[in-house]
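Trainee: Handing over work_10.cif, mmCIF, C-alpha atoms.
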data_work
loop_
_atom_site.group_PDB
_atom_site.id
_atom_site.type_symbol
_atom_site.label_atom_id
_atom_site.label_comp_id
_atom_site.auth_asym_id
_atom_site.auth_seq_id
_atom_site.Cartn_x
_atom_site.Cartn_y
_atom_site.Cartn_z
ATOM 1 C CA MET A 1 72.059 63.165 -46.587
ATOM 2 C CA SER A 2 73.901 62.884 -43.287
ATOM 3 C CA LYS A 3 72.104 61.813 -40.145
ATOM 4 C CA LEU A 4 72.664 65.224 -38.568
ATOM 5 C CA ALA A 5 71.200 67.084 -41.575
ATOM 6 C CA GLU A 6 68.239 64.709 -41.661
ATOM 7 C CA PHE A 7 67.692 65.218 -37.921
ATOM 8 C CA ARG A 8 67.745 69.023 -38.262
ATOM 9 C CA GLN A 9 65.369 68.925 -41.230
ATOM 10 C CA LEU A 10 62.903 66.725 -39.323
ATOM 11 C CA GLU A 11 63.238 68.956 -36.261
ATOM 12 C CA LYS A 12 62.428 71.992 -38.422
ATOM 13 C CA HIS A 13 59.350 70.258 -39.912
ATOM 14 C CA LEU A 14 58.192 69.272 -36.428
ATOM 15 C CA ALA A 15 58.476 72.849 -35.222
ATOM 16 C CA GLU A 16 56.449 74.079 -38.211
ATOM 17 C CA GLN A 17 53.754 71.476 -37.574
ATOM 18 C CA LEU A 18 53.602 72.377 -33.879
ATOM 19 C CA GLU A 19 53.101 76.042 -34.826
ATOM 20 C CA ALA A 20 50.276 75.067 -37.185
ATOM 21 C CA LEU A 21 48.708 72.932 -34.446
ATOM 22 C CA GLU A 22 48.839 75.810 -31.948
ATOM 23 C CA ALA A 23 47.236 78.115 -34.524
ATOM 24 C CA LEU A 24 44.416 75.595 -35.040
ATOM 25 C CA LYS A 25 43.846 75.215 -31.294
ATOM 26 C CA GLY A 26 42.912 78.880 -31.104
ATOM 27 C CA ASP A 27 40.571 78.702 -34.102
ATOM 28 C CA ALA A 28 36.935 79.348 -33.144
ATOM 29 C CA GLY A 29 35.622 77.249 -36.032
ATOM 30 C CA LEU A 30 37.575 74.219 -34.861
ATOM 31 C CA LYS A 31 36.304 74.654 -31.320
ATOM 32 C CA LYS A 32 32.713 74.702 -32.587
ATOM 33 C CA GLU A 33 33.272 71.552 -34.660
ATOM 34 C CA ILE A 34 34.847 69.711 -31.715
ATOM 35 C CA GLU A 35 31.964 70.769 -29.467
ATOM 36 C CA PHE A 36 29.410 69.628 -32.070
ATOM 37 C CA GLU A 37 31.115 66.257 -32.539
ATOM 38 C CA THR A 38 31.299 65.689 -28.797
ATOM 39 C CA LYS A 39 27.609 66.508 -28.312
ATOM 40 C CA LEU A 40 26.603 64.425 -31.347
ATOM 41 C CA ARG A 41 28.507 61.361 -30.150
ATOM 42 C CA ALA A 42 26.997 61.740 -26.659
ATOM 43 C CA LEU A 43 23.509 61.965 -28.147
ATOM 44 C CA LEU A 44 24.137 58.919 -30.351
ATOM 45 C CA ALA A 45 25.363 56.952 -27.343
ATOM 46 C CA GLU A 46 22.336 58.047 -25.305
ATOM 47 C CA TYR A 47 19.937 56.645 -27.915
ATOM 48 C CA GLY A 48 22.079 53.690 -28.945
ATOM 49 C CA TYR A 49 22.547 54.788 -32.535
ATOM 50 C CA SER A 50 25.642 54.789 -34.713
ATOM 51 C CA LEU A 51 26.595 57.305 -37.374
ATOM 52 C CA LEU A 52 25.663 54.767 -40.027
ATOM 53 C CA ASN A 53 22.160 54.406 -38.539
ATOM 54 C CA VAL A 54 21.637 58.168 -38.670
ATOM 55 C CA ILE A 55 22.911 58.416 -42.245
ATOM 56 C CA ASN A 56 20.584 55.608 -43.333
ATOM 57 C CA LEU A 57 17.705 57.267 -41.505
ATOM 58 C CA LEU A 58 18.263 60.686 -43.086
ATOM 59 C CA ASP A 59 19.316 59.555 -46.561
ATOM 60 C CA PRO A 60 18.554 55.891 -47.321
ATOM 61 C CA LYS A 61 19.963 56.141 -50.846
ATOM 62 C CA SER A 62 23.403 57.285 -49.698
ATOM 63 C CA GLY A 63 24.385 53.771 -48.608
ATOM 64 C CA ARG A 64 23.970 52.444 -52.107
ATOM 65 C CA ARG A 65 26.447 53.204 -54.783
ATOM 66 C CA ALA A 66 25.254 55.189 -57.746
ATOM 67 C CA PRO A 67 25.067 53.064 -60.868
ATOM 68 C CA ALA A 68 28.248 53.363 -62.835
ATOM 69 C CA ALA A 69 28.155 55.087 -66.175
ATOM 70 C CA GLU A 70 27.525 52.843 -69.133
ATOM 71 C CA SER A 71 30.132 50.144 -69.024
ATOM 72 C CA LYS A 72 32.354 49.894 -72.051
ATOM 73 C CA THR A 73 32.381 46.120 -71.791
ATOM 74 C CA GLY A 74 30.180 44.572 -74.408
ATOM 75 C CA SER A 75 29.363 47.860 -76.091
ATOM 76 C CA ARG A 76 31.926 47.461 -78.821
ATOM 77 C CA LYS A 77 30.549 47.501 -82.343
ATOM 78 C CA PRO A 78 30.610 44.008 -83.865
ATOM 79 C CA ARG A 79 33.135 43.446 -86.617
ATOM 80 C CA GLN A 80 31.905 43.418 -90.178
ATOM 81 C CA LEU A 81 32.042 40.271 -92.234
ATOM 82 C CA LYS A 82 34.706 40.416 -94.953
ATOM 83 C CA VAL A 83 34.551 38.184 -97.991
ATOM 84 C CA TYR A 84 37.742 37.438 -99.934
ATOM 85 C CA LYS A 85 37.681 35.626 -103.274
ATOM 86 C CA ASN A 86 40.883 34.121 -104.635
ATOM 87 C CA PRO A 87 40.858 34.840 -108.404
ATOM 88 C CA HIS A 88 43.305 31.993 -109.066
ATOM 89 C CA THR A 89 41.296 29.202 -107.431
ATOM 90 C CA GLY A 90 37.860 30.767 -107.053
ATOM 91 C CA GLU A 91 37.940 29.868 -103.353
ATOM 92 C CA VAL A 92 35.936 32.181 -101.064
ATOM 93 C CA VAL A 93 36.834 32.985 -97.443
ATOM 94 C CA GLU A 94 34.411 34.748 -95.107
ATOM 95 C CA THR A 95 35.910 36.144 -91.902
ATOM 96 C CA LYS A 96 35.350 38.837 -89.298
ATOM 97 C CA GLY A 97 39.004 38.990 -88.286
ATOM 98 C CA GLY A 98 42.410 38.648 -89.870
ATOM 99 C CA ASN A 99 43.317 35.463 -88.028
ATOM 100 C CA HIS A 100 41.850 33.068 -90.574
ATOM 101 C CA LYS A 101 44.094 30.128 -91.520
ATOM 102 C CA THR A 102 43.447 30.207 -95.277
ATOM 103 C CA LEU A 103 43.678 33.996 -95.371
ATOM 104 C CA LYS A 104 47.082 33.830 -93.656
ATOM 105 C CA GLU A 105 48.276 31.270 -96.184
ATOM 106 C CA TRP A 106 47.181 33.487 -99.061
ATOM 107 C CA LYS A 107 48.927 36.504 -97.544
ATOM 108 C CA ALA A 108 52.110 34.502 -97.091
ATOM 109 C CA GLU A 109 51.961 33.266 -100.680
ATOM 110 C CA HIS A 110 50.696 36.360 -102.540
ATOM 111 C CA GLY A 111 51.386 39.265 -100.161
ATOM 112 C CA SER A 112 49.072 41.187 -97.892
ATOM 113 C CA ALA A 113 48.321 44.026 -100.314
ATOM 114 C CA THR A 114 47.366 41.612 -103.086
ATOM 115 C CA VAL A 115 45.057 39.589 -100.838
ATOM 116 C CA GLU A 116 43.399 42.784 -99.539
ATOM 117 C CA SER A 117 42.625 43.677 -103.171
ATOM 118 C CA TRP A 118 40.586 40.450 -103.364
ATOM 119 C CA LEU A 119 38.124 41.836 -100.811
ATOM 120 C CA THR A 120 34.665 41.674 -102.341
ATOM 121 C CA LYS A 121 32.447 42.725 -99.455
#
Take the structure in this file and express it as structure tokens.

Mentor:
Amino acid sequence: MSKLAEFRQLEKHLAEQLEALEALKGDAGLKKEIEFETKLRALLAEYGYSLLNVINLLDPKSGRRAPAAESKTGSRKPRQLKVYKNPHTGEVVETKGGNHKTLKEWKAEHGSATVESWLTK
């Protein structure tokens, strides 16, 4: 985009935003909110309070965060114990995961499907 086109586009956006600002300035609701905020801040200054003090006074629980929903950490179901028995040697391997040294050796030697068929429990 050329600099001139970019300039004209930004100028157009600025004009639109200025129109929106002028429309808001005439809004009665905005005027009431500004008046309320001004009076509230003056009152707070008069009594030496901050917004946080007033919030804590009116709703003491709002300052604390609500407890998070049940955390997923640590709620995972424990793995079941699997028992493999090698029919050739009679050796038994008990494991909860597939990262067992002997089990890996058997799978390399006999194949994964064959070793899975040795599952007894």

Trainee: Just give me the gap between atom CA of Glu19 of chain A and atom CA of Ser2 of chain A in Å, one decimal is fine.

Mentor: 26.0 Å

Trainee: Mind giving me the straight-line distance from atom CA of Tyr49 of chain A to atom CA of Lys31 of chain A in Å, one decimal?

Mentor: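 Going from atom CA of Tyr49 of chain A over to atom CA of Lys31 of chain A covers 24.2 Å.
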
Trainee: Record the distance separating atom CA of Phe7 of chain A and atom CA of Ala20 of chain A, expressed in Å with one decimal.

Mentor: 20.0 Å

Trainee: Starting from the shown file, work through the PyMOL selection byres ((chain A and resi 80) around 12) and note down what comes out as a ChimeraX atom specification.

Mentor: /A:77-79,81-83,94-98,121

Trainee: Limited to C-alpha atoms, could you put the picked residues into a file as a PDB file, keeping the file's coordinate frame?

Mentor:
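Below you can see out-v1.pdb, which holds the result:
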ATOM      1  CA  LYS A  77      30.549  47.501 -82.343  1.00  0.00           C
ATOM      2  CA  PRO A  78      30.610  44.008 -83.865  1.00  0.00           C
ATOM      3  CA  ARG A  79      33.135  43.446 -86.617  1.00  0.00           C
ATOM      4  CA  LEU A  81      32.042  40.271 -92.234  1.00  0.00           C
ATOM      5  CA  LYS A  82      34.706  40.416 -94.953  1.00  0.00           C
ATOM      6  CA  VAL A  83      34.551  38.184 -97.991  1.00  0.00           C
ATOM      7  CA  GLU A  94      34.411  34.748 -95.107  1.00  0.00           C
ATOM      8  CA  THR A  95      35.910  36.144 -91.902  1.00  0.00           C
ATOM      9  CA  LYS A  96      35.350  38.837 -89.298  1.00  0.00           C
ATOM     10  CA  GLY A  97      39.004  38.990 -88.286  1.00  0.00           C
ATOM     11  CA  GLY A  98      42.410  38.648 -89.870  1.00  0.00           C
ATOM     12  CA  LYS A 121      32.447  42.725 -99.455  1.00  0.00           C
TER      13      LYS A 121
END

Trainee: Take the PyMOL selection byres ((chain A and resi 116) around 12), run it mentally on this structure, and tell me the resulting residues as a list in words.

Mentor: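 On this input, the PyMOL selection byres ((chain A and resi 116) around 12) captures Lys82, Val83, Tyr84, Lys85, Asn86, Val93, Gly98, Leu103, Lys104, Trp106, Lys107, His110, Gly111, Ser112, Ala113, Thr114, Val115, Ser117, Trp118, Leu119, Thr120 and Lys121 of chain A.
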
Trainee: Please, could you write that set of residues out with C-alpha atoms as an mmCIF file, in the coordinates of the input?

Mentor:
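part.cif was written with the following content:
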data_model
loop_
_atom_site.group_PDB
_atom_site.id
_atom_site.type_symbol
_atom_site.label_atom_id
_atom_site.label_comp_id
_atom_site.auth_asym_id
_atom_site.auth_seq_id
_atom_site.Cartn_x
_atom_site.Cartn_y
_atom_site.Cartn_z
ATOM 1 C CA LYS A 82 34.706 40.416 -94.953
ATOM 2 C CA VAL A 83 34.551 38.184 -97.991
ATOM 3 C CA TYR A 84 37.742 37.438 -99.934
ATOM 4 C CA LYS A 85 37.681 35.626 -103.274
ATOM 5 C CA ASN A 86 40.883 34.121 -104.635
ATOM 6 C CA VAL A 93 36.834 32.985 -97.443
ATOM 7 C CA GLY A 98 42.410 38.648 -89.870
ATOM 8 C CA LEU A 103 43.678 33.996 -95.371
ATOM 9 C CA LYS A 104 47.082 33.830 -93.656
ATOM 10 C CA TRP A 106 47.181 33.487 -99.061
ATOM 11 C CA LYS A 107 48.927 36.504 -97.544
ATOM 12 C CA HIS A 110 50.696 36.360 -102.540
ATOM 13 C CA GLY A 111 51.386 39.265 -100.161
ATOM 14 C CA SER A 112 49.072 41.187 -97.892
ATOM 15 C CA ALA A 113 48.321 44.026 -100.314
ATOM 16 C CA THR A 114 47.366 41.612 -103.086
ATOM 17 C CA VAL A 115 45.057 39.589 -100.838
ATOM 18 C CA SER A 117 42.625 43.677 -103.171
ATOM 19 C CA TRP A 118 40.586 40.450 -103.364
ATOM 20 C CA LEU A 119 38.124 41.836 -100.811
ATOM 21 C CA THR A 120 34.665 41.674 -102.341
ATOM 22 C CA LYS A 121 32.447 42.725 -99.455
#
